file my_file.cif (mmCIF, C-alpha atoms)
data_final
loop_
_atom_site.label_atom_id
_atom_site.label_comp_id
_atom_site.auth_asym_id
_atom_site.auth_seq_id
_atom_site.Cartn_x
_atom_site.Cartn_y
_atom_site.Cartn_z
CA MET A 217 34.01 21.38 -8.31
CA ASP A 218 32.30 18.49 -6.53
CA GLN A 219 33.18 15.02 -7.75
CA LEU A 220 29.56 14.57 -8.68
CA TYR A 221 30.18 16.64 -11.76
CA CYS A 222 33.87 15.82 -12.28
CA TYR A 223 33.30 13.51 -15.23
CA LYS A 224 30.86 13.65 -18.10
CA VAL A 225 29.48 10.68 -19.97
CA PRO A 226 28.81 11.11 -23.69
CA VAL A 227 25.24 10.26 -24.67
CA SER A 228 26.77 8.00 -27.32
CA GLU A 229 27.69 5.56 -24.53
CA LEU A 230 23.99 4.88 -24.05
CA GLU A 231 23.36 3.98 -27.69
CA GLY A 232 22.21 0.40 -28.23
CA LYS A 233 21.17 0.05 -24.57
CA ILE A 234 17.78 -0.03 -22.86
CA VAL A 235 17.64 3.22 -20.88
CA GLY A 236 15.35 4.22 -18.03
CA LEU A 237 14.76 7.98 -17.69
CA TYR A 238 14.01 8.39 -14.00
CA PHE A 239 12.07 11.58 -13.29
CA SER A 240 12.65 12.10 -9.59
CA LEU A 241 12.50 14.60 -6.75
CA SER A 242 15.00 13.38 -4.19
CA ALA A 243 13.19 14.55 -1.04
CA TYR A 244 9.71 13.48 -2.20
CA SER A 245 8.65 10.44 -0.18
CA PRO A 246 7.20 8.35 -3.08
CA CYS A 247 10.56 8.78 -4.88
CA VAL A 248 12.46 8.00 -1.68
CA ASP A 249 10.46 4.75 -1.41
CA PHE A 250 10.87 3.86 -5.09
CA SER A 251 14.62 4.46 -5.52
CA PRO A 252 15.73 1.37 -3.50
CA LYS A 253 13.37 -0.82 -5.53
CA LEU A 254 14.78 0.55 -8.77
CA LEU A 255 18.31 0.08 -7.42
CA GLU A 256 17.60 -3.58 -6.65
CA VAL A 257 16.32 -4.15 -10.21
CA TYR A 258 19.27 -2.25 -11.69
CA GLU A 259 21.86 -4.29 -9.78
CA LYS A 260 20.21 -7.60 -10.70
CA LEU A 261 20.12 -6.68 -14.38
CA LYS A 262 23.76 -5.58 -14.32
CA ALA A 263 24.76 -8.81 -12.58
CA ASN A 264 22.98 -10.71 -15.36
CA GLY A 265 24.95 -8.79 -17.98
CA GLU A 266 21.96 -6.87 -19.34
CA SER A 267 22.57 -3.65 -21.31
CA PHE A 268 20.44 -1.45 -19.10
CA GLU A 269 21.16 2.03 -17.77
CA VAL A 270 19.30 4.60 -15.69
CA VAL A 271 19.55 8.35 -16.19
CA VAL A 272 18.04 10.54 -13.49
CA ILE A 273 16.06 13.55 -14.71
CA PRO A 274 16.26 15.63 -11.51
CA LEU A 275 13.40 17.96 -10.64
CA ASP A 276 15.20 19.22 -7.52
CA ASP A 277 15.81 22.86 -6.65
CA ASP A 278 18.02 21.96 -3.68
CA GLU A 279 21.39 20.87 -5.04
CA GLU A 280 22.70 19.63 -1.68
CA SER A 281 19.68 17.38 -1.17
CA PHE A 282 20.14 15.99 -4.66
CA LYS A 283 23.86 15.35 -4.10
CA GLN A 284 23.22 13.45 -0.88
CA ASP A 285 20.73 11.22 -2.68
CA PHE A 286 22.72 10.77 -5.89
CA LYS A 287 26.13 10.01 -4.40
CA ASN A 288 24.97 6.53 -3.32
CA MET A 289 23.50 5.65 -6.71
CA PRO A 290 25.36 3.73 -9.47
CA TRP A 291 23.66 5.38 -12.41
CA PHE A 292 23.86 8.62 -14.40
CA SER A 293 22.05 11.95 -14.11
CA LEU A 294 21.47 15.19 -15.94
CA PRO A 295 22.80 18.15 -13.93
CA ILE A 296 20.31 20.08 -11.79
CA GLY A 297 18.82 22.93 -13.78
CA ASP A 298 19.78 21.46 -17.16
CA LYS A 299 17.54 22.93 -19.85
CA ASN A 300 16.72 19.42 -21.09
CA VAL A 301 14.92 18.56 -17.83
CA GLY A 302 11.92 20.74 -18.67
CA LYS A 303 11.95 19.69 -22.31
CA LEU A 304 11.87 16.00 -21.38
CA ALA A 305 9.11 16.54 -18.81
CA ARG A 306 6.96 18.22 -21.48
CA TYR A 307 7.82 15.71 -24.19
CA PHE A 308 6.82 12.73 -22.03
CA GLU A 309 3.84 14.63 -20.55
CA LEU A 310 5.05 14.09 -17.00
CA SER A 311 2.08 13.91 -14.63
CA THR A 312 3.20 11.87 -11.63
CA LEU A 313 6.26 10.97 -9.58
CA PRO A 314 8.11 8.71 -9.64
CA THR A 315 8.09 8.17 -13.41
CA LEU A 316 10.48 5.82 -15.21
CA VAL A 317 10.32 6.15 -19.00
CA ILE A 318 11.86 3.23 -20.92
CA ILE A 319 13.76 3.94 -24.13
CA GLY A 320 14.53 0.86 -26.23
CA ALA A 321 17.87 -0.05 -27.76
CA ASP A 322 16.62 1.49 -31.03
CA GLY A 323 16.04 4.87 -29.32
CA LYS A 324 12.24 4.59 -29.43
CA THR A 325 9.96 4.94 -26.41
CA VAL A 326 8.93 1.52 -25.10
CA SER A 327 6.85 2.69 -22.13
CA LYS A 328 6.05 6.08 -20.62
CA ASN A 329 6.10 4.86 -17.02
CA VAL A 330 7.07 1.47 -15.58
CA ALA A 331 7.44 2.61 -11.96
CA GLU A 332 4.32 0.74 -10.85
CA ALA A 333 5.39 -2.39 -12.76
CA ILE A 334 8.76 -2.35 -10.99
CA GLU A 335 7.09 -1.91 -7.60
CA GLU A 336 4.78 -4.82 -8.31
CA HIS A 337 7.00 -7.22 -10.26
CA GLY A 338 10.59 -6.08 -9.75
CA VAL A 339 13.13 -7.50 -12.21
CA LEU A 340 10.47 -9.79 -13.73
CA ALA A 341 9.08 -6.73 -15.58
CA TYR A 342 12.26 -6.42 -17.69
CA PRO A 343 12.56 -5.54 -20.60
CA PHE A 344 9.38 -3.55 -19.94
CA THR A 345 7.80 -4.27 -23.34
CA PRO A 346 4.07 -4.65 -24.08
CA LYS A 347 4.68 -8.37 -24.68
CA LYS A 348 6.31 -8.72 -21.23
CA PHE A 349 3.40 -6.92 -19.59
CA GLU A 350 0.94 -9.26 -21.31
CA GLU A 351 2.89 -12.20 -19.85
CA LEU A 352 2.75 -10.60 -16.39
CA ILE A 353 -1.01 -10.11 -16.69
CA GLU A 354 -1.42 -13.83 -17.37
CA ILE A 355 0.82 -14.63 -14.39
CA GLU A 356 -1.32 -12.36 -12.21
CA LYS A 357 -4.51 -14.04 -13.39
CA ALA A 358 -3.05 -17.41 -12.45
CA LYS A 359 -2.07 -16.06 -9.03
CA GLU A 360 -5.57 -14.72 -8.47
CA LYS A 361 -7.08 -18.11 -9.30
CA ALA A 362 -4.73 -19.78 -6.83
CA GLN A 363 -5.07 -17.08 -4.17
CA THR A 364 -5.57 -18.15 -0.56
CA LEU A 365 -5.63 -16.15 2.64
CA GLU A 366 -2.23 -17.57 3.56
CA SER A 367 -0.75 -16.56 0.19
CA ILE A 368 -1.65 -12.90 0.70
CA LEU A 369 -1.12 -12.56 4.47
CA ILE A 370 1.92 -14.75 5.17
CA SER A 371 5.40 -13.60 4.24
CA GLY A 372 8.38 -15.48 5.69
CA ASP A 373 7.99 -15.56 9.45
CA ARG A 374 5.28 -12.87 9.35
CA ASN A 375 2.43 -15.34 9.72
CA PHE A 376 0.21 -13.46 12.17
CA VAL A 377 -1.94 -10.39 12.67
CA ILE A 378 -2.45 -8.60 15.99
CA GLY A 379 -5.34 -7.96 18.31
CA LYS A 380 -5.63 -5.57 21.24
CA GLY A 381 -2.48 -5.28 23.32
CA GLY A 382 -0.40 -6.64 20.45
CA THR A 383 -1.63 -10.22 20.91
CA GLU A 384 -0.51 -12.28 17.92
CA ILE A 385 -3.25 -14.20 16.10
CA PRO A 386 -2.01 -16.78 13.57
CA VAL A 387 -3.30 -16.26 10.03
CA SER A 388 -4.23 -19.95 10.08
CA ASP A 389 -6.94 -19.10 12.65
CA LEU A 390 -8.65 -16.88 10.06
CA VAL A 391 -8.73 -19.42 7.22
CA GLY A 392 -12.30 -20.19 6.13
CA LYS A 393 -13.68 -16.86 7.31
CA ASN A 394 -14.98 -13.86 5.40
CA ILE A 395 -12.32 -11.18 5.76
CA LEU A 396 -12.30 -7.44 5.08
CA LEU A 397 -8.89 -5.83 4.51
CA TYR A 398 -9.28 -2.24 5.70
CA PHE A 399 -6.69 0.16 4.26
CA SER A 400 -6.91 3.36 6.27
CA ALA A 401 -5.11 6.01 8.35
CA HIS A 402 -5.89 8.41 11.18
CA TRP A 403 -4.62 11.47 9.25
CA CYS A 404 -7.18 10.81 6.46
CA PRO A 405 -10.52 12.65 7.08
CA PRO A 406 -12.58 10.33 4.83
CA CYS A 407 -11.15 7.37 6.77
CA ARG A 408 -12.27 8.83 10.09
CA ALA A 409 -15.69 9.61 8.64
CA PHE A 410 -16.10 6.04 7.36
CA LEU A 411 -14.89 4.29 10.52
CA PRO A 412 -18.15 4.60 12.56
CA LYS A 413 -20.15 3.11 9.68
CA LEU A 414 -17.74 0.19 9.43
CA VAL A 415 -17.75 -0.37 13.20
CA GLU A 416 -21.56 -0.45 13.21
CA ALA A 417 -21.64 -2.92 10.30
CA TYR A 418 -18.93 -5.05 11.96
CA HIS A 419 -20.89 -5.51 15.18
CA LYS A 420 -24.10 -6.36 13.33
CA ILE A 421 -22.35 -8.91 11.09
CA LYS A 422 -20.43 -10.52 13.98
CA ALA A 423 -23.68 -10.91 15.93
CA LYS A 424 -25.00 -13.08 13.11
CA ASP A 425 -21.81 -14.76 11.84
CA ASP A 426 -18.68 -15.20 13.92
CA ALA A 427 -16.78 -16.46 10.84
CA PHE A 428 -16.07 -12.85 9.88
CA GLU A 429 -13.19 -10.50 10.62
CA VAL A 430 -11.70 -7.15 9.63
CA ILE A 431 -7.94 -6.49 9.40
CA PHE A 432 -6.73 -2.90 9.62
CA ILE A 433 -3.80 -2.09 7.30
CA SER A 434 -2.39 1.25 8.34
CA SER A 435 -0.92 4.14 6.37
CA ASP A 436 -0.38 6.14 9.56
CA ARG A 437 2.67 8.36 10.06
CA ASP A 438 3.95 6.78 13.25
CA GLN A 439 3.28 4.19 15.94
CA GLY A 440 1.44 6.70 18.13
CA ALA A 441 -1.05 7.60 15.41
CA PHE A 442 -1.54 3.91 14.64
CA ASP A 443 -2.16 3.08 18.31
CA GLU A 444 -4.66 5.91 18.71
CA PHE A 445 -6.65 4.98 15.60
CA PHE A 446 -6.54 1.23 16.24
CA SER A 447 -7.77 1.75 19.81
CA GLY A 448 -11.18 2.72 18.37
CA MET A 449 -11.46 -0.45 16.27
CA PRO A 450 -12.94 -3.73 17.52
CA TRP A 451 -11.04 -5.92 15.03
CA LEU A 452 -7.51 -7.05 14.11
CA ALA A 453 -4.58 -5.35 12.35
CA LEU A 454 -1.23 -5.80 10.70
CA PRO A 455 1.46 -4.43 13.04
CA PHE A 456 2.47 -0.84 12.29
CA GLY A 457 5.25 -0.67 9.69
CA ASP A 458 4.76 -4.31 8.66
CA SER A 459 6.38 -5.08 5.30
CA ARG A 460 3.26 -6.95 4.17
CA LYS A 461 1.42 -3.65 3.86
CA ALA A 462 3.40 -2.71 0.74
CA SER A 463 2.83 -6.07 -0.96
CA LEU A 464 -0.90 -5.99 -0.17
CA SER A 465 -1.18 -2.43 -1.51
CA ARG A 466 0.48 -3.52 -4.75
CA ARG A 467 -1.56 -6.71 -5.08
CA PHE A 468 -4.87 -4.87 -4.67
CA LYS A 469 -3.67 -1.69 -6.43
CA VAL A 470 -4.55 0.58 -3.53
CA GLN A 471 -4.40 4.13 -4.88
CA GLY A 472 -6.70 5.75 -2.34
CA ILE A 473 -7.94 5.28 1.23
CA PRO A 474 -10.15 4.23 2.84
CA MET A 475 -10.32 1.06 0.77
CA LEU A 476 -12.04 -2.13 1.79
CA ILE A 477 -11.28 -5.48 0.12
CA ALA A 478 -13.59 -8.45 0.73
CA ILE A 479 -11.93 -11.88 0.82
CA GLY A 480 -14.19 -14.94 0.81
CA PRO A 481 -13.86 -18.18 2.84
CA THR A 482 -11.72 -19.80 0.12
CA GLY A 483 -9.26 -16.88 0.15
CA GLN A 484 -10.46 -15.55 -3.21
CA THR A 485 -11.15 -11.83 -3.68
CA VAL A 486 -14.90 -11.19 -3.60
CA THR A 487 -14.82 -7.45 -4.34
CA LYS A 488 -12.52 -4.45 -4.08
CA GLU A 489 -15.54 -2.16 -3.69
CA ALA A 490 -16.68 -3.27 -0.22
CA ARG A 491 -16.35 0.27 1.12
CA ASP A 492 -19.07 1.49 -1.27
CA LEU A 493 -21.26 -1.48 -0.32
CA VAL A 494 -20.93 -0.73 3.40
CA MET A 495 -21.66 2.96 2.77
CA GLN A 496 -24.74 2.08 0.77
CA HIS A 497 -26.14 -0.98 2.53
CA GLY A 498 -24.29 -1.34 5.85
CA ALA A 499 -24.26 -4.83 7.32
CA ASN A 500 -27.00 -5.83 4.88
CA ALA A 501 -24.35 -6.08 2.13
CA TYR A 502 -22.63 -9.05 3.83
CA PRO A 503 -21.04 -11.25 2.48
CA PHE A 504 -20.53 -8.71 -0.34
CA THR A 505 -21.03 -11.23 -3.16
CA GLU A 506 -22.74 -10.65 -6.52
CA GLU A 507 -25.52 -12.98 -5.37
CA ARG A 508 -26.13 -10.85 -2.28
CA LEU A 509 -26.22 -7.65 -4.33
CA LYS A 510 -28.86 -9.17 -6.62
CA GLU A 511 -30.91 -10.07 -3.55
CA ILE A 512 -30.58 -6.50 -2.24
CA GLU A 513 -31.71 -5.14 -5.61
CA ALA A 514 -34.80 -7.36 -5.55
CA GLU A 515 -35.53 -6.32 -1.95
CA SER A 516 -35.18 -2.66 -2.92
CA GLU A 517 -37.62 -3.02 -5.82
CA GLU A 518 -40.10 -4.77 -3.57
CA MET A 519 -39.78 -2.12 -0.84
CA ALA A 520 -40.37 0.73 -3.31
CA LYS A 521 -43.70 -0.77 -4.35
CA GLY A 522 -45.21 0.61 -1.15
CA TRP A 523 -43.92 4.16 -1.66
CA PRO A 524 -45.75 6.99 -3.45
CA GLN A 525 -44.53 7.80 -6.96
CA LYS A 526 -44.69 11.52 -6.12
CA LEU A 527 -44.92 13.53 -2.92
CA LYS A 528 -44.68 17.06 -1.56
CA SER A 529 -42.10 17.92 1.06
CA ALA A 530 -41.75 20.85 3.44
CA GLN A 531 -38.04 20.71 2.70
CA HIS A 532 -38.68 21.55 -0.96
CA GLU A 533 -41.97 23.36 -1.40
CA GLU A 534 -41.29 24.60 -4.95
CA HIS A 535 -42.09 21.35 -6.74
CA GLU A 536 -43.30 17.82 -6.19
CA LEU A 537 -40.60 15.19 -5.74
CA ALA A 538 -40.70 12.09 -7.95
CA LEU A 539 -39.43 8.66 -6.93
CA ALA A 540 -36.36 7.81 -9.05
CA ARG A 541 -33.28 5.59 -9.10
CA ARG A 542 -30.22 7.84 -8.67
CA LYS A 543 -26.42 7.45 -8.64
CA ASP A 544 -23.82 9.43 -6.71
CA TYR A 545 -26.08 11.97 -5.07
CA THR A 546 -26.12 13.72 -1.72
CA CYS A 547 -29.37 13.97 0.19
CA ASP A 548 -30.41 17.60 0.62
CA GLY A 549 -32.21 16.62 3.80
CA CYS A 550 -29.42 14.98 5.84
CA ASP A 551 -26.30 15.72 3.73
CA GLU A 552 -25.42 12.02 3.56
CA PRO A 553 -23.95 10.77 0.26
CA GLU A 554 -25.58 7.90 -1.59
CA GLU A 555 -23.71 5.77 -4.12
CA GLU A 556 -26.82 4.39 -5.78
CA GLY A 557 -30.41 3.95 -4.72
CA TRP A 558 -33.86 5.44 -4.52
CA SER A 559 -34.41 9.17 -4.17
CA PHE A 560 -37.37 11.52 -4.15
CA TYR A 561 -36.00 13.86 -6.80
CA CYS A 562 -36.74 17.23 -8.37
CA GLU A 563 -35.05 17.31 -11.76
CA ALA A 564 -35.69 21.05 -12.25
CA CYS A 565 -33.82 21.94 -9.06
CA ASN A 566 -31.50 18.93 -8.85
CA PHE A 567 -32.88 18.32 -5.35
CA ASP A 568 -32.70 14.87 -3.70
CA LEU A 569 -34.18 13.40 -0.56
CA HIS A 570 -33.43 9.92 0.74
CA PRO A 571 -36.68 7.99 1.11
CA LYS A 572 -36.05 7.91 4.88
CA CYS A 573 -35.86 11.73 4.90
CA ALA A 574 -38.81 12.21 2.61
CA LEU A 575 -41.09 9.69 4.29
CA GLU A 576 -40.24 10.29 7.96
CA GLU A 577 -41.18 13.70 9.27
CA ASP A 578 -38.53 13.78 11.97
CA LYS A 579 -35.58 13.12 9.63
CA GLY A 580 -35.26 16.56 8.06
CA ALA A 581 -32.65 18.17 10.28
CA LYS A 582 -29.12 18.56 8.97
CA SER A 583 -26.15 17.69 11.09
CA ASP A 584 -23.57 20.40 11.71
CA ALA A 585 -20.95 17.92 12.89
CA LYS A 586 -17.63 18.31 11.07
CA GLN A 587 -14.66 16.08 10.93
CA GLU A 588 -11.48 17.47 12.40
CA GLN A 589 -9.11 18.28 9.53
CA ASP A 590 -5.52 17.04 9.55
CA PRO A 591 -3.00 17.77 6.82
CA PRO A 592 -2.71 14.83 4.42
CA GLN A 593 0.31 12.54 4.45
CA GLU A 594 3.02 13.66 2.01
CA GLY A 595 2.38 12.14 -1.37
CA TRP A 596 -1.42 12.03 -0.86
CA VAL A 597 -4.25 14.40 -1.84
CA CYS A 598 -7.59 14.30 0.01
CA ASP A 599 -11.07 15.30 -1.04
CA GLY A 600 -14.24 14.72 0.94
CA TYR A 601 -14.56 11.06 -0.06
CA VAL A 602 -11.10 9.58 -0.43
CA CYS A 603 -7.39 10.27 0.04
CA LYS A 604 -5.44 9.31 -3.09
CA LYS A 605 -1.77 9.02 -3.89
CA ALA A 606 -0.65 12.22 -5.59
#
call {"tool": "encode", "arguments": {"input": "my_file.cif", "output": "structure tokens"}}
result
Amino acid sequence: MDQLYCYKVPVSELEGKIVGLYFSLSAYSPCVDFSPKLLEVYEKLKANGESFEVVVIPLDDDEESFKQDFKNMPWFSLPIGDKNVGKLARYFELSTLPTLVIIGADGKTVSKNVAEAIEEHGVLAYPFTPKKFEELIEIEKAKEKAQTLESILISGDRNFVIGKGGTEIPVSDLVGKNILLYFSAHWCPPCRAFLPKLVEAYHKIKAKDDAFEVIFISSDRDQGAFDEFFSGMPWLALPFGDSRKASLSRRFKVQGIPMLIAIGPTGQTVTKEARDLVMQHGANAYPFTEERLKEIEAESEEMAKGWPQKLKSAQHEEHELALARRKDYTCDGCDEPEEEGWSFYCEACNFDLHPKCALEEDKGAKSDAKQEQDPPQEGWVCDGYVCKKA
């Protein structure tokens, strides 16, 4: 029998210790990425003399793959296929991977999943209690108040972004500008659909204010895919594979792409919802502040004063359409989504027309253009609007 199973550890040896139950699938890329971070925390806690152990709850079917992964790890594991694996997954209502459940020294559940906390805070999250997480929240609030562009974009000697041809642009050159951090990838259909809208807004904003820039932060599979996608962008980027991408994703809690974060001239975060603002208002949303959104709302109310309250449309002859404020609808005239805004609406038929489609006779044709579909990156699930981490 393989040495992996040559000795058994009584569960009694774990009594009185803080134990992490690590639900893992050894070949699954999010688990592959997380294991080294957990290992770093584990080794630091052991070096500090903490009574902390990890027990892997393996979800693998492939024993060889599991052995290759486990042989380099210093912790314990249930055997593959152990009947307790399924029981534990049901008991803790397992819904995502990786999951690290923390059991306190008294045997009670402290937290049902601290994987994200470990990715974001490392050993500082120990002992993973609600009180510790409250402390971390206060630390994060203080960091946000002190945030500058340099603090989020400079790490060690990585103090630059790149332009076309790999030209290095110092982060210091961007200080004082309005910045959009654009998390995206070529394999993501919603990202490719959003890119033309962002490019259009970028050119319009730059024509009016040169103190503005976009930085592409890639989730592409390889350098070739990055190069191809970046070649169609007129702005800057982090180099492919740059370690700062992971820290930025954690800081801004990027769970889906495309995502667009607006950073103001002082380096403070203006909004994490800039993508929706560009989709809805284009360049008119700049500089993406609350003050600007209030101005847009006032402009919208003023513009609607000149529109009819009801109208008939050849695109919907059954009923009159009434002017209404609507959220999250898709225009039945042009198939374009709308986050929030005016619509000429038939409540009986749930039929919407953008004002531009309802009021302009030549705007009724639907586009048959379709985005080329690529399989999503492992660990991601895509719908028509966003690609999210599975």
call {"tool": "residues_near_point", "arguments": {"input": "my_file.cif", "point": "(-8.2, -16.5, 15.8)", "cutoff": "10 Å", "atoms": "only C-alpha atoms", "output": "ChimeraX atom specification"}}
result
/A:376-379,384-391,427,429,452
call {"tool": "resolve_selection", "arguments": {"input": "my_file.cif", "expression": "the PyMOL selection byres ((chain A and resi 244) around 10)", "output": "short mmCIF file (atom, residue, chain, number, x, y, z; two decimals) with C-alpha atoms, keeping the file's coordinate frame"}}
result
data_model
loop_
_atom_site.label_atom_id
_atom_site.label_comp_id
_atom_site.auth_asym_id
_atom_site.auth_seq_id
_atom_site.Cartn_x
_atom_site.Cartn_y
_atom_site.Cartn_z
CA SER A 240 12.65 12.10 -9.59
CA LEU A 241 12.50 14.60 -6.75
CA SER A 242 15.00 13.38 -4.19
CA ALA A 243 13.19 14.55 -1.04
CA SER A 245 8.65 10.44 -0.18
CA PRO A 246 7.20 8.35 -3.08
CA CYS A 247 10.56 8.78 -4.88
CA VAL A 248 12.46 8.00 -1.68
CA ASP A 249 10.46 4.75 -1.41
CA ASP A 276 15.20 19.22 -7.52
CA LEU A 313 6.26 10.97 -9.58
CA PRO A 314 8.11 8.71 -9.64
CA GLU A 594 3.02 13.66 2.01
CA GLY A 595 2.38 12.14 -1.37
#
call {"tool": "residues_near_point", "arguments": {"input": "my_file.cif", "point": "(0.6, -1.6, 9.3)", "cutoff": "8 Å", "atoms": "all atoms listed in the file", "output": "list in words"}}
result
Phe432, Ile433, Ser434, Ser435, Asp436, Phe442, Ala453, Leu454, Pro455, Phe456, Gly457, Asp458, Ser459, Arg460 and Lys461 of chain A
call {"tool": "residues_around", "arguments": {"input": "my_file.cif", "residues": "A:Ile421", "least_positions_apart": "2", "cutoff": "10 Å", "atoms": "all atoms listed in the file", "output": "ChimeraX atom specification"}}
result
/A:415-419,423-429,498-503
call {"tool": "resolve_selection", "arguments": {"input": "my_file.cif", "expression": "the PyMOL selection byres ((chain A and resi 227) around 12)", "output": "ChimeraX atom specification"}}
result
/A:224-226,228-233,235,269,271,292-294,323
call {"tool": "closest_residue", "arguments": {"input": "my_file.cif", "among": "A:Val272, A:Ile355, A:Ala263, A:Leu237", "to": "A:Ile319", "atoms": "only C-alpha atoms"}}
result
A:Leu237
call {"tool": "residues_around", "arguments": {"input": "my_file.cif", "residues": "A:Gln496", "least_positions_apart": "2", "cutoff": "10 Å", "atoms": "only C-alpha atoms", "output": "MDAnalysis selection string"}}
result
chainID A and resid 490:494 498:501 553:557
call {"tool": "residues_around", "arguments": {"input": "my_file.cif", "residues": "A:Thr482", "least_positions_apart": "6", "cutoff": "12 Å", "atoms": "only C-alpha atoms", "output": "list in words"}}
result
Glu360, Lys361, Ala362, Gln363, Thr364, Leu365, Glu366, Ser367, Leu390, Val391, Gly392, Lys393, Asn394 and Ile395 of chain A
call {"tool": "build_atoms", "arguments": {"input": "my_file.cif", "residues": "stretch 535-551 of chain A", "atoms": "N, CA and C atoms", "output": "compact mmCIF listing (two decimals), in the frame of the given file"}}
result
# COMPACT_ATOMS: atom_id res chain seq x y z
N HIS A 535 -41.57 22.34 -5.80
CA HIS A 535 -42.09 21.35 -6.74
C HIS A 535 -42.35 20.03 -6.02
N GLU A 536 -43.14 19.20 -6.66
CA GLU A 536 -43.30 17.82 -6.19
C GLU A 536 -42.00 17.06 -6.42
N LEU A 537 -41.77 16.05 -5.59
CA LEU A 537 -40.60 15.19 -5.74
C LEU A 537 -41.06 13.84 -6.30
N ALA A 538 -40.34 13.35 -7.30
CA ALA A 538 -40.70 12.09 -7.95
C ALA A 538 -39.74 10.99 -7.54
N LEU A 539 -40.25 9.80 -7.29
CA LEU A 539 -39.43 8.66 -6.93
C LEU A 539 -38.58 8.25 -8.14
N ALA A 540 -37.26 8.13 -7.94
CA ALA A 540 -36.36 7.81 -9.05
C ALA A 540 -35.14 7.06 -8.53
N ARG A 541 -34.55 6.22 -9.41
CA ARG A 541 -33.28 5.59 -9.10
C ARG A 541 -32.17 6.58 -9.44
N ARG A 542 -31.25 6.81 -8.48
CA ARG A 542 -30.22 7.84 -8.67
C ARG A 542 -28.85 7.27 -8.31
N LYS A 543 -27.81 7.83 -8.94
CA LYS A 543 -26.42 7.45 -8.64
C LYS A 543 -25.65 8.66 -8.15
N ASP A 544 -24.78 8.41 -7.17
CA ASP A 544 -23.82 9.43 -6.71
C ASP A 544 -24.50 10.76 -6.39
N TYR A 545 -25.46 10.72 -5.48
CA TYR A 545 -26.08 11.97 -5.07
C TYR A 545 -25.91 12.17 -3.57
N THR A 546 -26.13 13.40 -3.14
CA THR A 546 -26.12 13.72 -1.72
C THR A 546 -27.50 14.20 -1.32
N CYS A 547 -28.03 13.61 -0.28
CA CYS A 547 -29.37 13.97 0.19
C CYS A 547 -29.37 15.41 0.68
N ASP A 548 -30.30 16.21 0.18
CA ASP A 548 -30.41 17.60 0.62
C ASP A 548 -31.12 17.72 1.96
N GLY A 549 -31.58 16.59 2.49
CA GLY A 549 -32.21 16.62 3.80
C GLY A 549 -31.23 16.36 4.94
N CYS A 550 -30.34 15.37 4.75
CA CYS A 550 -29.42 14.98 5.84
C CYS A 550 -27.95 15.12 5.47
N ASP A 551 -27.68 15.53 4.22
CA ASP A 551 -26.30 15.72 3.73
C ASP A 551 -25.50 14.43 3.61
